[in-house]
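Novice: Sharing upload-v3.cif here; it has mmCIF, C-alpha atoms.
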data_structure
#
loop_
_atom_site.label_atom_id
_atom_site.label_comp_id
_atom_site.auth_asym_id
_atom_site.auth_seq_id
_atom_site.Cartn_x
_atom_site.Cartn_y
_atom_site.Cartn_z
CA MET A 1 -8.26 40.59 -22.04
CA MET A 2 -10.91 37.99 -21.27
CA ALA A 3 -10.12 35.68 -18.38
CA GLU A 4 -10.79 32.69 -20.63
CA SER A 5 -7.73 33.47 -22.71
CA LEU A 6 -5.27 33.41 -19.80
CA VAL A 7 -2.98 30.49 -19.02
CA GLY A 8 -3.95 28.60 -15.87
CA LEU A 9 -1.74 27.14 -13.15
CA VAL A 10 -1.83 23.74 -11.49
CA LEU A 11 0.10 23.27 -8.26
CA VAL A 12 0.95 19.65 -7.49
CA SER A 13 2.10 18.93 -3.96
CA HIS A 14 2.31 15.99 -1.56
CA SER A 15 0.36 18.13 0.85
CA ARG A 16 -3.18 19.37 0.27
CA VAL A 17 -2.53 22.24 2.66
CA LEU A 18 0.71 23.24 0.93
CA ALA A 19 -0.96 23.15 -2.51
CA GLU A 20 -3.97 25.16 -1.34
CA GLY A 21 -1.89 27.69 0.55
CA THR A 22 0.44 28.23 -2.36
CA ALA A 23 -2.57 28.55 -4.67
CA ASP A 24 -4.01 31.27 -2.39
CA LEU A 25 -0.76 33.15 -2.65
CA ALA A 26 -0.53 32.76 -6.42
CA ARG A 27 -4.15 33.88 -6.91
CA GLU A 28 -3.36 37.02 -4.95
CA ILE A 29 -0.35 37.70 -7.17
CA GLY A 30 -2.46 36.95 -10.23
CA VAL A 31 -4.91 39.60 -9.00
CA GLY A 32 -7.75 37.13 -9.26
CA ARG A 33 -7.54 37.01 -13.03
CA ILE A 34 -6.14 33.52 -13.50
CA ALA A 35 -7.20 30.03 -12.53
CA VAL A 36 -4.83 28.56 -9.96
CA VAL A 37 -5.89 25.03 -9.06
CA PRO A 38 -4.27 22.96 -6.30
CA ALA A 39 -3.73 19.21 -6.68
CA GLY A 40 -2.46 18.22 -3.27
CA GLY A 41 -2.31 15.00 -1.29
CA ASP A 42 -3.51 11.52 -2.15
CA VAL A 43 -7.08 10.34 -2.71
CA ASP A 44 -7.41 9.30 0.93
CA GLY A 45 -6.65 12.81 2.11
CA GLY A 46 -3.15 11.95 3.29
CA LEU A 47 0.25 13.04 2.10
CA GLY A 48 0.96 11.80 -1.41
CA THR A 49 0.12 12.39 -5.04
CA SER A 50 -2.87 11.49 -7.14
CA PHE A 51 -2.88 11.24 -10.93
CA GLU A 52 -6.66 11.79 -10.85
CA PHE A 53 -6.30 15.00 -8.86
CA VAL A 54 -3.77 16.27 -11.38
CA GLU A 55 -6.10 15.42 -14.28
CA ARG A 56 -9.05 17.15 -12.65
CA ALA A 57 -7.00 20.18 -11.68
CA VAL A 58 -5.76 20.65 -15.24
CA GLU A 59 -9.31 20.38 -16.56
CA ALA A 60 -10.32 23.15 -14.17
CA ALA A 61 -7.27 25.32 -14.86
CA ASP A 62 -7.23 25.08 -18.65
CA ARG A 63 -9.78 27.63 -19.84
CA GLY A 64 -8.63 27.53 -23.41
CA ALA A 65 -5.08 28.85 -23.21
CA GLY A 66 -3.62 25.77 -21.54
CA ALA A 67 -2.05 25.28 -18.15
CA VAL A 68 1.38 25.27 -16.56
CA LEU A 69 2.08 22.60 -13.94
CA ILE A 70 4.41 23.22 -11.03
CA ALA A 71 5.25 20.40 -8.62
CA ASP A 72 7.00 20.20 -5.27
CA ILE A 73 9.13 17.05 -4.92
CA GLY A 74 9.55 13.39 -5.83
CA SER A 75 6.33 11.71 -6.85
CA SER A 76 4.58 15.05 -7.44
CA VAL A 77 7.14 15.78 -10.13
CA LEU A 78 6.89 12.30 -11.64
CA THR A 79 3.08 12.30 -11.57
CA ALA A 80 2.89 15.73 -13.20
CA ARG A 81 5.41 14.74 -15.87
CA THR A 82 3.63 11.44 -16.51
CA TYR A 83 0.39 13.37 -17.01
CA ILE A 84 2.13 15.78 -19.40
CA ALA A 85 3.54 12.90 -21.44
CA GLU A 86 0.09 11.40 -21.92
CA THR A 87 -2.34 14.28 -22.31
CA GLU A 88 -3.50 15.92 -25.51
CA ARG A 89 -4.04 19.23 -23.73
CA SER A 90 -1.84 22.29 -24.09
CA VAL A 91 0.23 21.97 -20.94
CA ARG A 92 3.79 22.62 -19.83
CA PHE A 93 5.72 21.29 -16.89
CA ALA A 94 7.78 24.05 -15.29
CA ASP A 95 10.97 22.92 -13.57
CA ALA A 96 10.64 25.52 -10.84
CA PRO A 97 10.77 26.05 -7.06
CA PHE A 98 7.24 25.43 -5.80
CA VAL A 99 6.26 28.66 -4.06
CA GLU A 100 8.49 31.11 -5.93
CA GLY A 101 7.69 29.47 -9.25
CA ALA A 102 3.95 29.61 -8.60
CA VAL A 103 4.13 33.30 -7.72
CA ALA A 104 6.27 34.15 -10.76
CA ALA A 105 4.05 32.14 -13.09
CA ALA A 106 0.91 33.76 -11.70
CA ALA A 107 2.33 37.21 -12.24
CA ALA A 108 3.28 36.37 -15.81
CA ALA A 109 -0.01 34.63 -16.60
CA ALA A 110 -2.02 37.59 -15.31
CA THR A 111 -0.34 39.80 -17.91
CA GLY A 112 -1.63 37.53 -20.67
CA ALA A 113 1.70 35.76 -21.29
CA GLY A 114 1.54 32.54 -23.33
CA LEU A 115 2.24 29.01 -22.12
CA ASP A 116 5.97 29.01 -22.78
CA ALA A 117 6.45 32.47 -21.29
CA VAL A 118 4.57 31.51 -18.14
CA ALA A 119 6.60 28.31 -17.78
CA ASP A 120 9.81 30.30 -18.34
CA ALA A 121 8.81 32.81 -15.66
CA ALA A 122 8.37 29.94 -13.22
CA ARG A 123 11.77 28.43 -14.11
CA GLU A 124 13.51 31.79 -13.76
CA ALA A 125 12.32 31.93 -10.15
CA TYR A 126 15.28 29.65 -9.34
CA SER A 127 17.52 32.69 -9.84
CA HIS A 128 15.70 35.03 -7.46
CA ARG A 129 18.15 35.30 -4.56
CA LYS A 130 17.09 36.17 -1.05
CA THR A 131 20.30 37.77 0.13
CA MET Y 1 -5.01 -20.73 -23.59
CA ALA Y 2 -1.39 -19.69 -23.99
CA GLU Y 3 0.41 -20.41 -27.22
CA SER Y 4 3.80 -22.08 -27.64
CA PRO Y 5 6.65 -21.18 -25.25
CA GLY Y 6 8.14 -18.64 -27.65
CA ALA Y 7 4.92 -16.68 -27.97
CA PHE Y 8 3.74 -13.85 -25.78
CA ASP Y 9 0.00 -13.43 -25.91
CA ALA Y 10 -2.69 -11.67 -23.88
CA ALA Y 11 -2.98 -14.63 -21.49
CA ARG Y 12 0.74 -14.56 -20.73
CA ALA Y 13 0.70 -10.78 -20.38
CA ALA Y 14 -2.17 -11.07 -17.91
CA ALA Y 15 -0.31 -13.85 -16.11
CA TRP Y 16 2.69 -11.51 -15.82
CA ILE Y 17 0.59 -8.88 -14.07
CA THR Y 18 -1.19 -11.27 -11.73
CA ALA Y 19 2.10 -12.99 -10.83
CA SER Y 20 3.63 -9.54 -10.19
CA ALA Y 21 0.75 -8.68 -7.89
CA ARG Y 22 1.24 -11.94 -5.99
CA LEU Y 23 5.04 -11.68 -5.67
CA ILE Y 24 4.95 -8.01 -4.70
CA GLY Y 25 2.09 -8.52 -2.27
CA GLY Y 26 4.01 -11.41 -0.72
CA ALA Y 27 7.14 -9.27 -0.37
CA ALA Y 28 5.34 -6.15 0.83
CA ASP Y 29 6.83 -6.28 4.32
CA ARG Y 30 10.37 -6.72 2.99
CA LEU Y 31 9.91 -3.88 0.48
CA THR Y 32 8.55 -1.61 3.17
CA GLU Y 33 11.47 -2.52 5.43
CA LEU Y 34 13.93 -1.61 2.67
CA ASP Y 35 12.06 1.63 2.05
CA THR Y 36 11.95 2.50 5.74
CA ALA Y 37 15.75 2.32 5.81
CA ILE Y 38 16.33 4.88 3.05
CA GLY Y 39 12.95 6.09 1.79
CA ASP Y 40 9.59 7.05 3.23
CA GLY Y 41 8.46 3.54 4.11
CA ASP Y 42 5.48 3.33 1.78
CA HIS Y 43 6.87 1.24 -1.07
CA GLY Y 44 5.44 -2.14 -0.09
CA ARG Y 45 1.99 -0.80 0.67
CA ASN Y 46 1.83 1.47 -2.39
CA LEU Y 47 3.03 -1.10 -4.88
CA THR Y 48 0.80 -3.83 -3.44
CA ARG Y 49 -2.20 -1.54 -3.88
CA GLY Y 50 -1.11 -0.56 -7.40
CA PHE Y 51 -0.49 -4.08 -8.65
CA ALA Y 52 -3.72 -5.33 -7.08
CA ALA Y 53 -5.54 -2.69 -9.15
CA ALA Y 54 -3.50 -3.63 -12.23
CA ALA Y 55 -4.29 -7.32 -11.78
CA GLU Y 56 -8.00 -6.51 -11.71
CA LYS Y 57 -7.65 -4.96 -15.18
CA ALA Y 58 -5.43 -7.72 -16.55
CA ASP Y 59 -8.09 -9.93 -18.10
CA GLY Y 60 -9.88 -7.28 -20.08
CA ALA Y 61 -7.95 -7.17 -23.37
CA ASP Y 62 -7.22 -9.43 -26.36
CA THR Y 63 -3.63 -8.38 -26.99
CA PRO Y 64 -0.52 -8.09 -24.81
CA ARG Y 65 -0.50 -4.44 -25.76
CA GLY Y 66 -4.02 -3.96 -24.44
CA VAL Y 67 -3.34 -5.89 -21.24
CA LEU Y 68 -0.18 -3.95 -20.40
CA THR Y 69 -1.69 -0.57 -21.29
CA GLY Y 70 -4.61 -1.19 -18.94
CA ALA Y 71 -2.36 -2.50 -16.19
CA GLY Y 72 -0.01 0.46 -16.55
CA SER Y 73 -2.86 2.96 -16.33
CA ALA Y 74 -4.16 1.26 -13.20
CA LEU Y 75 -0.67 1.43 -11.68
CA VAL Y 76 -0.36 5.15 -12.41
CA SER Y 77 -3.76 5.85 -10.87
CA ALA Y 78 -3.81 3.52 -7.88
CA THR Y 79 -0.24 3.22 -6.62
CA GLY Y 80 0.54 6.59 -5.08
CA GLY Y 81 4.10 7.71 -4.53
CA ALA Y 82 6.78 7.80 -7.19
CA SER Y 83 6.34 4.10 -7.97
CA GLY Y 84 2.98 4.63 -9.71
CA PRO Y 85 4.25 6.89 -12.48
CA LEU Y 86 7.50 4.91 -12.84
CA PHE Y 87 6.10 1.37 -12.96
CA GLY Y 88 3.03 2.57 -14.87
CA THR Y 89 5.21 4.28 -17.43
CA PHE Y 90 7.33 1.14 -17.77
CA LEU Y 91 4.28 -0.97 -18.63
CA ARG Y 92 2.49 1.62 -20.74
CA ARG Y 93 5.53 2.47 -22.84
CA THR Y 94 6.41 -1.21 -23.21
CA ALA Y 95 2.85 -1.73 -24.41
CA LYS Y 96 3.02 1.17 -26.83
CA ALA Y 97 6.15 -0.29 -28.42
CA LEU Y 98 4.57 -3.73 -28.93
CA PRO Y 99 3.00 -4.67 -32.26
CA ASP Y 100 -0.79 -4.44 -31.92
CA ALA Y 101 -1.22 -8.18 -32.44
CA PRO Y 102 -2.70 -11.06 -30.41
CA VAL Y 103 0.69 -12.79 -30.26
CA VAL Y 104 4.10 -11.16 -30.30
CA GLY Y 105 7.47 -12.81 -30.79
CA PRO Y 106 10.45 -12.78 -28.41
CA ASP Y 107 12.40 -10.07 -30.24
CA ASP Y 108 9.41 -7.75 -30.42
CA LEU Y 109 8.82 -8.27 -26.72
CA ALA Y 110 12.48 -7.58 -25.90
CA ASP Y 111 12.50 -4.42 -28.03
CA ALA Y 112 9.30 -3.22 -26.37
CA LEU Y 113 10.67 -3.87 -22.87
CA ALA Y 114 13.78 -1.90 -23.84
CA ALA Y 115 11.53 0.98 -24.90
CA GLY Y 116 9.81 0.76 -21.52
CA VAL Y 117 13.16 0.97 -19.74
CA ALA Y 118 14.16 3.97 -21.85
CA ALA Y 119 10.91 5.71 -20.89
CA VAL Y 120 11.58 5.11 -17.18
CA ARG Y 121 15.08 6.57 -17.59
CA GLU Y 122 13.64 9.62 -19.30
CA LEU Y 123 10.90 10.18 -16.72
CA GLY Y 124 13.04 9.69 -13.64
CA GLY Y 125 16.28 11.03 -15.06
CA ALA Y 126 18.25 8.23 -13.39
CA ALA Y 127 21.60 7.06 -14.73
CA ASP Y 128 23.13 3.62 -14.17
CA GLY Y 129 24.37 3.25 -10.60
CA ASP Y 130 22.10 5.96 -9.16
CA LYS Y 131 20.60 3.26 -6.90
CA THR Y 132 17.20 3.14 -8.57
CA MET Y 133 14.96 0.67 -10.39
CA VAL Y 134 17.02 1.37 -13.51
CA ASP Y 135 19.83 -0.66 -11.91
CA ALA Y 136 17.60 -3.74 -12.12
CA LEU Y 137 15.76 -2.88 -15.35
CA ASP Y 138 18.78 -2.21 -17.48
CA PRO Y 139 20.74 -5.43 -16.78
CA ALA Y 140 17.51 -7.41 -17.24
CA VAL Y 141 16.85 -6.06 -20.72
CA THR Y 142 20.49 -6.44 -21.67
CA ALA Y 143 20.48 -10.08 -20.49
CA LEU Y 144 17.20 -10.74 -22.29
CA ARG Y 145 18.48 -9.45 -25.59
CA GLY Y 146 21.82 -11.21 -25.16
CA ALA Y 147 20.17 -14.55 -24.46
CA LEU Y 148 17.79 -14.23 -27.41
CA ALA Y 149 20.69 -13.30 -29.68
CA GLU Y 150 22.44 -16.51 -28.57
CA GLY Y 151 19.37 -18.46 -29.60
CA ALA Y 152 17.78 -19.06 -26.19
CA SER Y 153 14.03 -19.68 -26.02
CA LEU Y 154 11.85 -16.91 -24.59
CA PRO Y 155 11.33 -18.69 -21.23
CA ALA Y 156 15.08 -19.34 -20.89
CA ALA Y 157 15.96 -15.79 -21.94
CA VAL Y 158 13.47 -14.24 -19.52
CA GLU Y 159 14.81 -16.47 -16.74
CA ARG Y 160 18.29 -15.07 -17.46
CA ALA Y 161 16.81 -11.56 -17.42
CA ALA Y 162 15.18 -12.20 -14.05
CA GLU Y 163 18.50 -13.41 -12.64
CA ALA Y 164 20.19 -10.29 -13.99
CA ALA Y 165 17.50 -8.10 -12.40
CA ARG Y 166 18.00 -9.80 -9.02
CA ALA Y 167 21.77 -9.38 -9.30
CA GLY Y 168 21.28 -5.75 -10.32
CA ALA Y 169 19.05 -5.10 -7.34
CA GLU Y 170 21.54 -6.69 -4.94
CA ALA Y 171 24.32 -4.65 -6.51
CA THR Y 172 22.54 -1.47 -5.39
CA ILE Y 173 23.38 -2.28 -1.74
CA PRO Y 174 26.78 -0.52 -1.58
CA LEU Y 175 25.71 2.33 -3.84
CA VAL Y 176 25.03 5.91 -2.77
CA ALA Y 177 21.61 7.12 -3.93
CA HIS Y 178 21.39 9.99 -6.39
CA LYS Y 179 17.61 10.08 -6.91
CA GLY Y 180 14.55 10.26 -4.72
CA ARG Y 181 14.33 10.71 -0.98
CA ALA Y 182 17.31 8.41 -0.40
CA SER Y 183 19.55 10.94 -2.18
CA TYR Y 184 19.10 13.33 0.76
CA LEU Y 185 20.89 10.75 2.91
CA GLY Y 186 24.07 10.93 0.86
CA GLU Y 187 26.67 8.36 2.01
CA ARG Y 188 24.23 7.02 4.62
CA SER Y 189 22.12 5.53 1.82
CA ALA Y 190 24.92 3.00 1.18
CA GLY Y 191 24.48 -0.44 2.75
CA HIS Y 192 20.80 -0.83 1.86
CA GLU Y 193 19.22 -2.43 -1.20
CA ASP Y 194 17.15 0.01 -3.22
CA PRO Y 195 13.47 -0.88 -2.74
CA GLY Y 196 12.53 0.09 -6.30
CA ALA Y 197 15.24 -2.16 -7.70
CA ALA Y 198 14.08 -4.98 -5.39
CA SER Y 199 10.47 -4.72 -6.55
CA THR Y 200 11.61 -4.43 -10.16
CA ALA Y 201 13.44 -7.75 -9.76
CA LEU Y 202 10.15 -9.29 -8.61
CA LEU Y 203 8.48 -7.96 -11.75
CA TRP Y 204 11.03 -9.84 -13.86
CA SER Y 205 10.62 -13.01 -11.78
CA ALA Y 206 6.90 -12.72 -12.49
CA LEU Y 207 7.60 -12.38 -16.21
CA ALA Y 208 9.78 -15.50 -16.08
CA GLU Y 209 6.94 -17.32 -14.35
CA ALA Y 210 4.40 -16.09 -16.92
CA THR Y 211 6.47 -16.90 -19.99
CA GLY Y 212 7.61 -20.26 -18.64
CA ALA Y 213 4.28 -21.51 -17.32
CA ASP Y 214 2.31 -24.39 -18.90
CA ASP Y 215 4.68 -24.86 -21.78
CA GLY Y 216 5.07 -28.62 -21.48
#
Mind turning this structure into structure tokens?
Specialist:
Amino acid sequence: MMAESLVGLVLVSHSRVLAEGTADLAREIGVGRIAVVPAGGDVDGGLGTSFEFVERAVEAADRGAGAVLIADIGSSVLTARTYIAETERSVRFADAPFVEGAVAAAAAAATGAGLDAVADAAREAYSHRKT
Amino acid sequence: MAESPGAFDAARAAAWITASARLIGGAADRLTELDTAIGDGDHGRNLTRGFAAAAEKADGADTPRGVLTGAGSALVSATGGASGPLFGTFLRRTAKALPDAPVVGPDDLADALAAGVAAVRELGGAADGDKTMVDALDPAVTALRGALAEGASLPAAVERAAEAARAGAEATIPLVAHKGRASYLGERSAGHEDPGAASTALLWSALAEATGADDG
């Protein structure tokens, strides 16, 4: 399958480092086949969220099959959901744990799963127990 | 510029945003103090920045809908924190529900504000009494509609709404937070006014100022 037809991921975090680190991990799981784009921190480089960063990240992640957004907490969630409510693009917000959801979504997306299936994979990560 | 007291036009919409920027900027230290008690201490600074950006966009449109859409977009982009999406959504969804006309009547304005409140509820998922901005928004819209139904003028009805918003904000003091960072504090969040409700009350005071101004 061509890379262009795979669903992309956008990881929205208060922290640039957390977003980038989680994106590294998800890319590894996605065996380099999918676009995983971090949108972390505010425009001044501090902790926070930026609507512009989310917009730009989705533009980079959506290569034709749309993108799934996963957010960490608070304003990241609200910013991602506000973007989703306003955009014309094919996007889904996945209510998912940040790291586990990103990994699960990347694995699903790399298999060529569609938008809803990728978002579902991220949501199901809530049920992956550690004990 | 502005039409009769009952009318809400682009000039009054712009006046609402600039008055909001002034009131919120003036209360920034108090809002930050409230947010330091139960939040992450950035509310005053964030909202001041957001409304300053919104006020810069406030003169660029011919309809209340255009003014509030532009202001809401600026808030979403420039505010940072959870307040940007929430206040921006309130203004943008209020705008979207307004007739696309140069002047809108009191009932259309009240209905649109109610749509804005509903959008904030949907985005944030807050219920009444969760100690959020909804606790100021909801009583304000209810009071506005009630006053208009009783035949009050728009300035009088918005003044009642602003009083209800202030009372709603103060009523968040004993509440335990169920949304946002304050919810992690559990019972310890009680005893502090919710900063989002406090700034929301200022927004309604600004609307009262804008609808009541120069109507002699």
Novice: Might you spell out which residues the PyMOL selection byres ((chain A) within 12 of (chain Y)) would select in the displayed file, as an MDAnalysis selection string?
Specialist: chainID A and resid 13:14 41:55 73:86
Novice: Can you tell me which residues surround A:Phe98 at a distance of at most 7 Å, considering all atoms listed in the file, apart from same-chain residues fewer than 2 positions away, and format the answer as a PyMOL selection string?
Specialist: chain A and resi 70-72+96+100-102
Novice: Near Y:Thr142, within 10 Å and counting only C-alpha atoms, which residues show up once chain neighbours fewer than 3 positions away are dropped, as a list in words?
Specialist: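 Non-adjacent residues within range: Ala110, Ala114, Leu137, Asp138, Pro139, Arg145, Gly146, Ala147, Arg160, Ala161, Ala164 and Ala165 of chain Y.
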Novice: Could you tell me which residues the PyMOL selection byres ((chain A and resi 37) around 6) grabs in this file, written as a list in words?
Specialist: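 Written out, the selection comes to Val10, Val36, Pro38, Ala57 and Ala61 of chain A.
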Novice: Using all atoms listed in the file, which protein or nucleic acid residues come within 7 Å of stretch 30-35 of chain Y? Drop anything in the same chain fewer than 2 positions from it, and give the result as a list in words.
Specialist: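 Those residues are Ala27, Ala28, Ala37, Ile38, Gly39, Asp40, Gly41, Asp42, His43, Gly44, His192, Glu193, Asp194 and Pro195 of chain Y.
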Novice: Between A:Leu115, A:Leu69, A:Ala60, A:Ile29, which has the minimum distance to A:Val103 (counting all atoms listed in the file)?
Specialist: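 Nearest candidate to A:Val103 out of A:Leu115, A:Leu69, A:Ala60, A:Ile29: A:Ile29.
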Novice: Name the residues that the PyMOL selection byres ((chain A and resi 5) around 12) picks from the file above, as a ChimeraX atom specification, using the file's chain letters and numbers.
Specialist: /A:1-4,6-8,33-35,61-67,109-115
Novice: Quick one: everything within 10 Å of A:Val99, counting only C-alpha atoms, minus sequence neighbours fewer than 4 positions away in the same chain. Send it as a PyMOL selection string.
Specialist: chain A and resi 11+18-19+21-23+25-26+70-72+103-105+122+125
Novice: Output C-alpha atoms for every residue in that selection, as a PDB file, in the coordinates of the input.
Specialist:
ATOM      1  CA  LEU A  11       0.100  23.270  -8.260  1.00  0.00           C
ATOM      2  CA  LEU A  18       0.710  23.240   0.930  1.00  0.00           C
ATOM      3  CA  ALA A  19      -0.960  23.150  -2.510  1.00  0.00           C
ATOM      4  CA  GLY A  21      -1.890  27.690   0.550  1.00  0.00           C
ATOM      5  CA  THR A  22       0.440  28.230  -2.360  1.00  0.00           C
ATOM      6  CA  ALA A  23      -2.570  28.550  -4.670  1.00  0.00           C
ATOM      7  CA  LEU A  25      -0.760  33.150  -2.650  1.00  0.00           C
ATOM      8  CA  ALA A  26      -0.530  32.760  -6.420  1.00  0.00           C
ATOM      9  CA  ILE A  70       4.410  23.220 -11.030  1.00  0.00           C
ATOM     10  CA  ALA A  71       5.250  20.400  -8.620  1.00  0.00           C
ATOM     11  CA  ASP A  72       7.000  20.200  -5.270  1.00  0.00           C
ATOM     12  CA  VAL A 103       4.130  33.300  -7.720  1.00  0.00           C
ATOM     13  CA  ALA A 104       6.270  34.150 -10.760  1.00  0.00           C
ATOM     14  CA  ALA A 105       4.050  32.140 -13.090  1.00  0.00           C
ATOM     15  CA  ALA A 122       8.370  29.940 -13.220  1.00  0.00           C
ATOM     16  CA  ALA A 125      12.320  31.930 -10.150  1.00  0.00           C
TER      17      ALA A 125
END
Novice: Env of stretch 91-102 of chain Y: 9 Å cut, atoms = only C-alpha atoms, seq-sep filter 3 positions within chain, self excluded. Answer as a PyMOL selection string.
Specialist: chain Y and resi 8-10+62-73+75+86-88+108-109+111-120
Novice: Just how far from atom CA of Y:Arg166 is atom CA of Y:Ala182, in Å to one decimal?
Specialist: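 So the answer is 20.2 Å.
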